[in-house]
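Asker: My structure file coords-v2.cif, mmCIF, C-alpha atoms and all ligand atoms, is below:
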data_model
loop_
_atom_site.label_atom_id
_atom_site.label_comp_id
_atom_site.auth_asym_id
_atom_site.auth_seq_id
_atom_site.Cartn_x
_atom_site.Cartn_y
_atom_site.Cartn_z
CA MET M 29 94.12 105.25 83.71
CA LYS M 30 95.97 103.37 81.03
CA LEU M 31 96.93 99.72 81.32
CA LEU M 32 100.60 98.79 80.90
CA ASP M 33 99.82 95.64 78.97
CA GLY M 34 102.69 93.23 79.55
CA LYS M 35 101.00 90.43 77.66
CA PHE M 36 100.59 92.54 74.53
CA THR M 37 104.10 94.03 74.78
CA SER M 38 105.76 90.69 75.44
CA ASN M 39 103.99 89.23 72.39
CA GLN M 40 105.33 92.12 70.33
CA ILE M 41 108.86 91.39 71.58
CA LYS M 42 108.44 87.68 70.86
CA GLU M 43 107.34 88.47 67.30
CA GLU M 44 110.40 90.68 66.82
CA ILE M 45 112.69 87.93 68.10
CA ALA M 46 110.93 85.30 65.96
CA VAL M 47 111.70 87.36 62.84
CA GLU M 48 115.38 87.50 63.80
CA VAL M 49 115.49 83.77 64.52
CA ALA M 50 113.84 82.94 61.19
CA ASP M 51 116.47 85.09 59.49
CA ILE M 52 119.31 83.34 61.34
CA LYS M 53 117.94 79.94 60.36
CA ALA M 54 117.36 81.00 56.74
CA LYS M 55 121.05 81.86 56.57
CA GLY M 56 121.94 78.37 57.81
CA GLY M 57 122.62 79.30 61.44
CA ARG M 58 121.57 77.22 64.42
CA ALA M 59 118.72 78.33 66.65
CA PRO M 60 119.45 80.11 69.93
CA HIS M 61 119.19 77.62 72.78
CA LEU M 62 117.92 78.24 76.34
CA ALA M 63 117.87 75.63 79.10
CA ALA M 64 116.22 75.59 82.51
CA ILE M 65 116.99 73.50 85.57
CA LEU M 66 113.99 72.76 87.77
CA VAL M 67 114.59 71.10 91.12
CA GLY M 68 111.57 69.47 92.76
CA GLU M 69 107.86 69.56 92.09
CA ASP M 70 106.73 73.04 93.22
CA GLY M 71 103.58 73.84 91.23
CA ALA M 72 104.27 77.56 90.70
CA SER M 73 107.89 76.92 89.63
CA LEU M 74 106.74 74.24 87.20
CA THR M 75 104.22 76.67 85.69
CA TYR M 76 106.90 79.38 85.29
CA VAL M 77 109.39 76.99 83.71
CA ASN M 78 106.77 75.56 81.36
CA SER M 79 105.83 79.05 80.16
CA LYS M 80 109.50 79.72 79.45
CA VAL M 81 109.81 76.49 77.44
CA LYS M 82 106.58 77.27 75.55
CA ALA M 83 107.82 80.78 74.76
CA CYS M 84 111.02 79.30 73.30
CA GLU M 85 109.02 77.00 71.04
CA LYS M 86 106.85 79.88 69.87
CA ILE M 87 109.78 81.98 68.66
CA GLY M 88 111.91 79.20 67.21
CA PHE M 89 114.49 78.81 70.01
CA ASP M 90 115.67 75.38 71.05
CA SER M 91 114.91 74.68 74.69
CA THR M 92 115.95 72.04 77.21
CA LEU M 93 114.30 71.37 80.54
CA VAL M 94 116.47 69.56 83.09
CA ARG M 95 114.25 68.19 85.87
CA LEU M 96 115.96 67.06 89.06
CA PRO M 97 114.52 65.49 92.22
CA ALA M 98 113.84 67.68 95.29
CA ASP M 99 116.29 65.64 97.37
CA ILE M 100 119.20 66.07 94.94
CA LYS M 101 122.52 66.67 96.69
CA GLU M 102 124.07 70.10 96.30
CA GLU M 103 127.20 68.65 94.62
CA ALA M 104 125.06 66.80 92.08
CA LEU M 105 123.20 70.00 91.20
CA LEU M 106 126.49 71.88 90.86
CA ALA M 107 127.71 69.11 88.54
CA GLU M 108 124.60 69.55 86.34
CA ILE M 109 125.30 73.29 86.19
CA GLU M 110 128.89 72.61 85.15
CA LYS M 111 127.61 70.40 82.32
CA LEU M 112 125.46 73.25 81.03
CA ASN M 113 128.34 75.72 81.43
CA ASN M 114 130.42 73.48 79.16
CA ASN M 115 127.71 72.73 76.61
CA GLU M 116 128.83 74.62 73.52
CA GLY M 117 125.41 74.36 71.89
CA LEU M 118 123.74 76.26 74.73
CA ASP M 119 123.52 80.07 74.83
CA GLY M 120 122.12 80.45 78.30
CA PHE M 121 120.35 78.73 81.16
CA ILE M 122 118.50 79.46 84.35
CA VAL M 123 118.12 77.61 87.61
CA GLN M 124 114.52 78.15 88.68
CA LEU M 125 114.31 79.60 92.21
CA PRO M 126 113.47 78.98 94.99
CA LEU M 127 115.58 75.90 95.63
CA PRO M 128 115.03 73.29 98.39
CA LYS M 129 116.34 74.48 101.77
CA HIS M 130 119.30 72.06 101.89
CA ILE M 131 120.84 73.73 98.82
CA ASP M 132 122.86 76.93 99.18
CA GLU M 133 121.31 79.33 96.66
CA ASN M 134 124.41 81.54 96.61
CA LYS M 135 126.64 78.62 95.65
CA VAL M 136 124.29 77.82 92.79
CA ILE M 137 124.17 81.41 91.55
CA ASP M 138 127.98 81.59 91.70
CA ALA M 139 128.31 78.32 89.76
CA VAL M 140 126.47 79.52 86.65
CA HIS M 141 129.01 80.86 84.16
CA PRO M 142 128.47 84.65 83.85
CA ASP M 143 128.40 84.35 80.03
CA LYS M 144 125.45 81.95 80.24
CA ASP M 145 123.71 83.65 83.15
CA VAL M 146 120.69 84.95 81.22
CA ASP M 147 118.87 85.53 84.54
CA GLY M 148 121.54 88.13 85.39
CA PHE M 149 121.98 86.85 88.97
CA HIS M 150 125.75 86.13 88.97
CA PRO M 151 127.74 88.59 91.15
CA SER M 152 129.86 89.53 88.14
CA ASN M 153 126.77 90.48 86.11
CA VAL M 154 125.21 92.30 89.07
CA GLY M 155 128.46 94.27 89.41
CA LYS M 156 128.40 95.20 85.73
CA MET M 157 124.78 96.30 86.08
CA VAL M 158 125.72 98.60 88.95
CA LEU M 159 128.60 100.02 86.90
CA ASN M 160 126.32 100.50 83.89
CA GLN M 161 128.43 98.16 81.75
CA PRO M 162 126.86 95.93 79.09
CA THR M 163 125.65 92.71 80.72
CA PHE M 164 122.64 90.44 81.20
CA LEU M 165 120.16 92.38 83.31
CA PRO M 166 117.98 90.41 85.73
CA ALA M 167 114.86 89.40 83.83
CA THR M 168 112.08 90.93 85.95
CA PRO M 169 113.60 94.42 86.41
CA MET M 170 114.71 94.37 82.77
CA GLY M 171 111.11 93.58 81.76
CA ILE M 172 109.83 96.51 83.82
CA MET M 173 112.34 98.88 82.18
CA GLU M 174 111.34 97.61 78.72
CA LEU M 175 107.66 98.16 79.51
CA LEU M 176 108.33 101.74 80.68
CA LYS M 177 110.38 102.33 77.53
CA ARG M 178 107.80 100.99 75.12
CA TYR M 179 105.03 103.04 76.74
CA ASN M 180 107.23 106.17 76.63
CA ILE M 181 106.86 106.75 80.36
CA GLU M 182 108.98 109.64 81.56
CA THR M 183 111.18 108.53 84.46
CA SER M 184 113.87 111.24 84.41
CA GLY M 185 113.72 113.38 87.55
CA LYS M 186 110.70 111.45 88.84
CA HIS M 187 110.47 110.06 92.34
CA CYS M 188 110.36 106.28 92.14
CA VAL M 189 109.47 104.38 95.30
CA VAL M 190 110.39 100.69 95.28
CA ILE M 191 108.72 98.43 97.85
CA GLY M 192 110.75 95.28 98.61
CA ARG M 193 114.53 94.78 98.46
CA SER M 194 114.92 91.25 97.09
CA HIS M 195 118.01 90.45 95.05
CA ILE M 196 115.89 89.51 92.05
CA VAL M 197 113.49 92.46 91.89
CA GLY M 198 113.52 95.27 94.47
CA SER M 199 117.26 95.87 94.72
CA PRO M 200 118.07 95.69 90.98
CA ILE M 201 115.07 97.76 89.87
CA SER M 202 116.13 100.48 92.32
CA ILE M 203 119.59 100.46 90.72
CA LEU M 204 118.25 100.47 87.16
CA MET M 205 115.80 103.29 87.82
CA ALA M 206 118.59 105.45 89.28
CA ARG M 207 121.14 104.78 86.50
CA LYS M 208 122.02 107.46 84.00
CA THR M 209 119.96 105.86 81.25
CA ASN M 210 116.58 106.22 79.60
CA PRO M 211 114.41 104.94 81.22
CA GLY M 212 116.25 105.74 84.44
CA ASN M 213 117.53 109.00 85.94
CA ALA M 214 114.87 108.72 88.63
CA THR M 215 115.27 109.69 92.27
CA VAL M 216 114.80 106.37 94.01
CA THR M 217 113.61 105.47 97.49
CA LEU M 218 114.03 101.79 98.35
CA THR M 219 111.64 100.66 101.08
CA HIS M 220 111.42 97.31 102.91
CA SER M 221 110.06 95.52 105.96
CA ARG M 222 111.83 97.90 108.39
CA THR M 223 110.63 101.07 106.66
CA LYS M 224 108.58 103.38 108.86
CA ASN M 225 105.59 105.37 107.61
CA LEU M 226 105.49 103.68 104.21
CA LYS M 227 102.28 105.46 103.24
CA GLU M 228 103.90 108.89 103.74
CA ILE M 229 106.61 107.81 101.31
CA THR M 230 104.39 106.18 98.68
CA LEU M 231 102.17 109.28 98.65
CA GLN M 232 105.19 111.21 97.32
CA ALA M 233 105.87 108.72 94.52
CA ASP M 234 105.49 109.50 90.83
CA ILE M 235 106.31 105.84 90.13
CA ILE M 236 105.74 102.90 92.49
CA VAL M 237 107.28 99.47 91.92
CA ILE M 238 105.96 96.96 94.44
CA ALA M 239 107.58 93.52 94.82
CA LEU M 240 106.35 92.26 98.15
CA GLY M 241 104.26 89.11 97.84
CA ILE M 242 101.38 90.35 100.03
CA PRO M 243 98.09 90.35 98.08
CA GLU M 244 96.48 93.79 97.60
CA TYR M 245 98.87 95.50 100.04
CA LEU M 246 99.01 98.80 98.16
CA THR M 247 95.64 100.51 98.55
CA GLY M 248 94.18 103.61 96.89
CA ASP M 249 94.87 105.87 99.90
CA MET M 250 98.64 105.13 99.58
CA VAL M 251 98.92 106.46 96.03
CA LYS M 252 99.03 109.99 94.70
CA GLU M 253 96.84 111.08 91.80
CA GLY M 254 98.54 110.33 88.43
CA ALA M 255 101.16 107.88 89.73
CA VAL M 256 102.56 105.08 87.57
CA VAL M 257 102.13 101.76 89.40
CA ILE M 258 104.07 98.59 88.60
CA ASP M 259 102.80 95.50 90.42
CA VAL M 260 105.35 92.69 90.51
CA GLY M 261 103.62 90.53 93.13
CA ILE M 262 102.14 87.18 92.23
CA THR M 263 100.50 85.20 95.01
CA ARG M 264 98.38 82.09 94.51
CA VAL M 265 95.31 82.13 96.75
CA ALA M 266 93.11 79.01 96.97
CA ASP M 267 89.83 79.52 95.09
CA ASP M 268 87.36 76.66 94.56
CA THR M 269 85.57 78.51 91.77
CA LYS M 270 88.68 78.28 89.56
CA LYS M 271 89.57 75.22 87.52
CA SER M 272 93.18 75.49 88.69
CA GLY M 273 92.02 75.68 92.33
CA PHE M 274 93.65 79.10 92.87
CA LYS M 275 93.45 82.73 91.84
CA LEU M 276 96.46 84.99 91.24
CA TYR M 277 96.74 88.19 93.26
CA GLY M 278 99.11 91.08 92.80
CA ASP M 279 100.44 93.33 95.56
CA VAL M 280 98.11 96.13 94.46
CA LYS M 281 94.41 96.56 95.24
CA PHE M 282 93.81 97.06 91.56
CA ASP M 283 90.40 98.77 91.34
CA GLU M 284 91.20 101.39 94.01
CA VAL M 285 94.70 102.15 92.75
CA ALA M 286 93.75 102.10 89.04
CA GLU M 287 91.27 104.92 89.71
CA LYS M 288 94.10 107.21 90.81
CA SER M 289 96.99 106.09 88.63
CA SER M 290 97.97 107.28 85.16
CA PHE M 291 99.44 103.88 84.20
CA ILE M 292 99.17 100.55 85.96
CA THR M 293 100.19 96.92 85.30
CA PRO M 294 97.56 94.20 85.76
CA VAL M 295 98.16 90.84 87.47
CA PRO M 296 98.25 88.55 85.61
CA GLY M 297 99.32 89.99 82.26
CA GLY M 298 101.70 92.72 83.46
CA VAL M 299 105.22 92.14 84.71
CA GLY M 300 105.06 88.30 84.50
CA PRO M 301 105.07 88.00 80.69
CA MET M 302 107.70 90.76 80.46
CA THR M 303 110.01 88.67 82.65
CA ILE M 304 109.84 85.85 80.13
CA ALA M 305 110.35 88.23 77.20
CA SER M 306 113.51 89.58 78.90
CA LEU M 307 114.89 86.09 79.34
CA LEU M 308 114.42 85.50 75.61
CA MET M 309 116.07 88.85 74.79
CA ASN M 310 119.05 87.95 76.99
CA THR M 311 119.34 84.54 75.32
CA LEU M 312 119.32 86.08 71.86
CA ASP M 313 121.92 88.57 73.05
CA SER M 314 124.08 85.72 74.34
CA TYR M 315 123.69 83.88 71.03
CA LYS M 316 124.88 86.96 69.14
CA ARG M 317 127.87 87.40 71.46
CA ARG M 318 128.84 83.77 70.90
CA ASN M 319 128.42 83.75 67.13
P1 LIG O 401 110.87 88.47 98.49
O1 LIG O 401 109.71 87.61 98.83
O2 LIG O 401 112.23 87.89 98.45
O3 LIG O 401 110.95 89.69 99.49
C1 LIG O 401 109.89 90.54 99.79
C2 LIG O 401 110.45 91.90 100.15
O4 LIG O 401 109.38 92.67 100.68
C3 LIG O 401 111.55 91.90 101.20
O5 LIG O 401 112.64 92.63 100.68
C4 LIG O 401 110.96 92.63 102.41
O6 LIG O 401 111.89 93.49 103.05
C5 LIG O 401 109.86 93.43 101.79
N1 LIG O 401 108.74 93.64 102.72
C6 LIG O 401 108.11 92.71 103.48
N2 LIG O 401 107.12 93.28 104.20
C7 LIG O 401 107.14 94.60 103.90
C8 LIG O 401 106.35 95.70 104.30
N3 LIG O 401 105.34 95.56 105.16
N4 LIG O 401 106.62 96.92 103.76
C9 LIG O 401 107.63 97.08 102.88
N5 LIG O 401 108.40 96.05 102.45
C10 LIG O 401 108.17 94.83 102.97
O7 LIG O 401 110.55 89.29 97.15
P2 LIG O 401 110.55 88.86 95.62
O8 LIG O 401 111.25 87.58 95.39
O9 LIG O 401 110.97 90.10 94.94
O10 LIG O 401 109.00 88.58 95.35
C11 LIG O 401 108.01 89.54 95.61
C12 LIG O 401 106.75 89.19 94.86
O11 LIG O 401 106.99 89.32 93.46
C13 LIG O 401 106.26 87.76 95.06
O12 LIG O 401 104.85 87.76 95.02
C14 LIG O 401 106.81 87.03 93.86
O13 LIG O 401 106.02 85.90 93.51
C15 LIG O 401 106.69 88.09 92.81
N6 LIG O 401 107.61 87.96 91.67
C16 LIG O 401 107.09 88.12 90.44
C17 LIG O 401 107.90 88.05 89.32
C18 LIG O 401 107.31 88.26 87.98
O14 LIG O 401 107.89 87.89 86.99
N7 LIG O 401 106.17 88.91 87.89
C19 LIG O 401 109.26 87.80 89.47
C20 LIG O 401 109.78 87.66 90.75
C21 LIG O 401 108.94 87.76 91.85
#
Starting from the coordinates I provided, produce the structure as structure tokens.

Answerer:
Amino acid sequence: MKLLDGKFTSNQIKEEIAVEVADIKAKGGRAPHLAAILVGEDGASLTYVNSKVKACEKIGFDSTLVRLPADIKEEALLAEIEKLNNNEGLDGFIVQLPLPKHIDENKVIDAVHPDKDVDGFHPSNVGKMVLNQPTFLPATPMGIMELLKRYNIETSGKHCVVIGRSHIVGSPISILMARKTNPGNATVTLTHSRTKNLKEITLQADIIVIALGIPEYLTGDMVKEGAVVIDVGITRVADDTKKSGFKLYGDVKFDEVAEKSSFITPVPGGVGPMTIASLLMNTLDSYKRRN
């Protein structure tokens, strides 16, 4: 078993970007600028947004965090988005999900200008992804593809089983893995809550991507010898022995599955840091398009 070390790889990517940013600044250019909108006080969302801001600082990007109250009206949030759309000094921004229930997530996703949509969630960018046109790819699936690429994992002709069909992970990773690209060219099976006999399907997988949100769901008996296993899940489970008061669990029963797999991502330190690295790559890409 070999670990797909997302922490190490994301640090490598950050170093590469930092070199480019230093070069831009040395030539008198402005720094790339990423902003994030955070609505409410959700602990996990705050942690994610803070890591994104910290990553920006580390590589020399400018960053802006817009914090809004949980009871903000939908129109007021849409107005904040419009401000960021029109801010010439900003290369991209994200609206941290999930949003409070009274806000229509689709309206928010539609409101972000596609050219600043570094999360790759806007329908126009999703369409371009499907058509294999240049665009911002959604950060988590993009991070998974980058990890596979940097570890030279063969995906062509392999059977990739994706578990979970969310718009932000399961669906787009199934599209990316099936595209005529490298990595890609896989034969993809997309499974979800209505799938029957999941174990029969996962046992046929050369590559498994699981984005479910159920701790340790994928067990050793569901995985074939030599499979590549990508664990996207992150669930906080209360744990008094931890300073934070919780422990993070992936969707994979790591010890059992690691024994059988050829490559596996850990949680934490796998897909999570790669998601942030992708966001930074998309922001740099946007900066270059705009300058
Ligand atoms: P989600 O919560 O929106 O949806 C879960 C999906 O799992 C659904 O499509 C559902 O059909 C499917 N599902 C539910 N039960 C199932 C079952 N028994 N068998 C097969 N499929 C089943 O998904 P999400 O937003 O993609 O999040 C999934 C997990 O990934 C969460 O733990 C989330 O925190 C994590 N996540 C991590 C990152 C990261 O950067 N590492 C990014 C996004 C999400």

Asker: Sort by chain and increasing residue number a table of all residues of chain M within 9 Å of ligand LIG 401 (chain O), each with its closest pair of atoms and their distance in Å to one decimal, counting all atoms listed in the file, and write it as CSV.

Answerer:
residue,atom,partner,partner_atom,distance
M:Ala72,CA,O:LIG401,O13,9.0
M:Tyr76,CA,O:LIG401,O14,8.7
M:Pro126,CA,O:LIG401,O8,8.9
M:Ala167,CA,O:LIG401,O14,7.8
M:Thr168,CA,O:LIG401,O14,5.3
M:Pro169,CA,O:LIG401,C19,8.5
M:Gly171,CA,O:LIG401,O14,8.4
M:Val190,CA,O:LIG401,N5,8.8
M:Ile191,CA,O:LIG401,N5,5.2
M:Gly192,CA,O:LIG401,O4,3.6
M:Arg193,CA,O:LIG401,O5,3.6
M:Ser194,CA,O:LIG401,O5,4.5
M:His195,CA,O:LIG401,O9,7.0
M:Ile196,CA,O:LIG401,O9,5.7
M:Val197,CA,O:LIG401,O9,4.6
M:Gly198,CA,O:LIG401,O9,5.8
M:Ser199,CA,O:LIG401,O5,8.2
M:Thr219,CA,O:LIG401,C9,5.7
M:His220,CA,O:LIG401,N5,3.3
M:Ser221,CA,O:LIG401,C10,3.6
M:Arg222,CA,O:LIG401,O6,6.9
M:Thr223,CA,O:LIG401,C9,6.3
M:Lys224,CA,O:LIG401,N4,8.5
M:Leu226,CA,O:LIG401,N4,6.9
M:Ile238,CA,O:LIG401,O11,7.8
M:Ala239,CA,O:LIG401,C11,4.1
M:Leu240,CA,O:LIG401,O4,4.0
M:Gly241,CA,O:LIG401,O12,3.2
M:Ile242,CA,O:LIG401,O12,6.6
M:Pro243,CA,O:LIG401,O12,7.9
M:Tyr245,CA,O:LIG401,N3,8.3
M:Asp259,CA,O:LIG401,N7,7.8
M:Val260,CA,O:LIG401,N7,4.7
M:Gly261,CA,O:LIG401,O12,3.6
M:Ile262,CA,O:LIG401,O12,3.9
M:Thr263,CA,O:LIG401,O12,5.0
M:Arg264,CA,O:LIG401,O13,8.6
M:Tyr277,CA,O:LIG401,O12,8.3
M:Gly278,CA,O:LIG401,O12,7.0
M:Asp279,CA,O:LIG401,O12,7.1
M:Val295,CA,O:LIG401,N7,8.2
M:Pro296,CA,O:LIG401,N7,8.2
M:Gly297,CA,O:LIG401,N7,8.9
M:Gly298,CA,O:LIG401,N7,7.4
M:Val299,CA,O:LIG401,N7,4.6
M:Gly300,CA,O:LIG401,N7,3.6
M:Pro301,CA,O:LIG401,O14,6.9
M:Met302,CA,O:LIG401,O14,7.1
M:Thr303,CA,O:LIG401,O14,4.9
M:Ile304,CA,O:LIG401,O14,7.4

Asker: Residues proximal to (103.3, 103.3, 92.5) were defined as those with any atom within 8 Å of that point in the file's coordinates, counting all atoms listed in the file. Which are they, as a list in words?

Answerer: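 Those residues lying close to the given coordinates are Cys188, Val189, Thr230, Ala233, Asp234, Ile235, Ile236, Val237, Ile238, Val251, Ala255, Val256, Val257, Ile258 and Ser289 of chain M.
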
Asker: Would you mind listing what lies within 8 Å of Leu231 in chain M as number ranges by chain, with all atoms listed in the file counted and same-chain residues fewer than 4 positions away left out?

Answerer: M: 227, 250-252

Asker: Restricting the calculation to only C-alpha atoms: of M:Leu74, M:Ala286, M:Ile122, M:Ala104, which residue gets closest to Thr92 in chain M?

Answerer: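 Of M:Leu74, M:Ala286, M:Ile122, M:Ala104, the one nearest Thr92 in chain M is M:Ile122, counting only C-alpha atoms.
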
Asker: Please determine, counting only C-alpha atoms, which residue among M:Ala206, M:Leu246, M:Ala54, M:Val146 has the shortest atom-to-atom distance to Ser306 in chain M.

Answerer: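 Result for the nearest residue to Ser306 in chain M: M:Val146.
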
Asker: In terms of the shortest atom-to-atom distance over all atoms listed in the file, which of M:Gln161, M:Ser290, M:Thr311, M:Asn319 is closest to Leu31 in chain M?

Answerer: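 Using all atoms listed in the file, Leu31 in chain M sits closest to M:Ser290.
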
Asker: Which polymer residues, whether protein, DNA or RNA, lie within 8 Å of the coordinate (131.3, 91.2, 79.6) when you count all atoms listed in the file? List them as a ChimeraX atom specification, using the chain letters and numbers from the file.

Answerer: /M:143,153,156,161-163

Asker: Of the candidates M:Leu218, M:Leu308, M:Ile203, M:Ala50, which shows the shortest atom-to-atom distance to Gly155 in chain M, using only C-alpha atoms?

Answerer: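 Of M:Leu218, M:Leu308, M:Ile203, M:Ala50, the one nearest Gly155 in chain M is M:Ile203, counting only C-alpha atoms.
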
Asker: List as a PyMOL selection string the protein and nucleic acid residues near range 109-121 of chain M, meaning an atom at most 6 Å away when only C-alpha atoms are counted, but skip any in the same chain fewer than 3 places from it.

Answerer: chain M and resi 61-64+106+141+144+146+311+314-315

Asker: Please, what distance in Å, to one decimal, runs between CA of Tyr179 in chain M and CA of Gln40 in chain M?

Answerer: 12.7 Å

Asker: Take CA of Asn225 in chain M and CA of Val285 in chain M and report the distance between them in Å, one decimal.

Answerer: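 So the two atoms, CA of Asn225 in chain M and CA of Val285 in chain M, lie 18.7 Å apart.
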
Asker: Please compute the CA of Glu133 in chain M-CA of Leu204 in chain M distance, one decimal, in Å.

Answerer: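 Distance reported for this atom pair: 23.4 Å.
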
Asker: Could you give me, as a count of residues only, the residues within 6 Å of Pro166 in chain M, counting only C-alpha atoms and dropping anything in the same chain fewer than 4 positions from it?

Answerer: 3
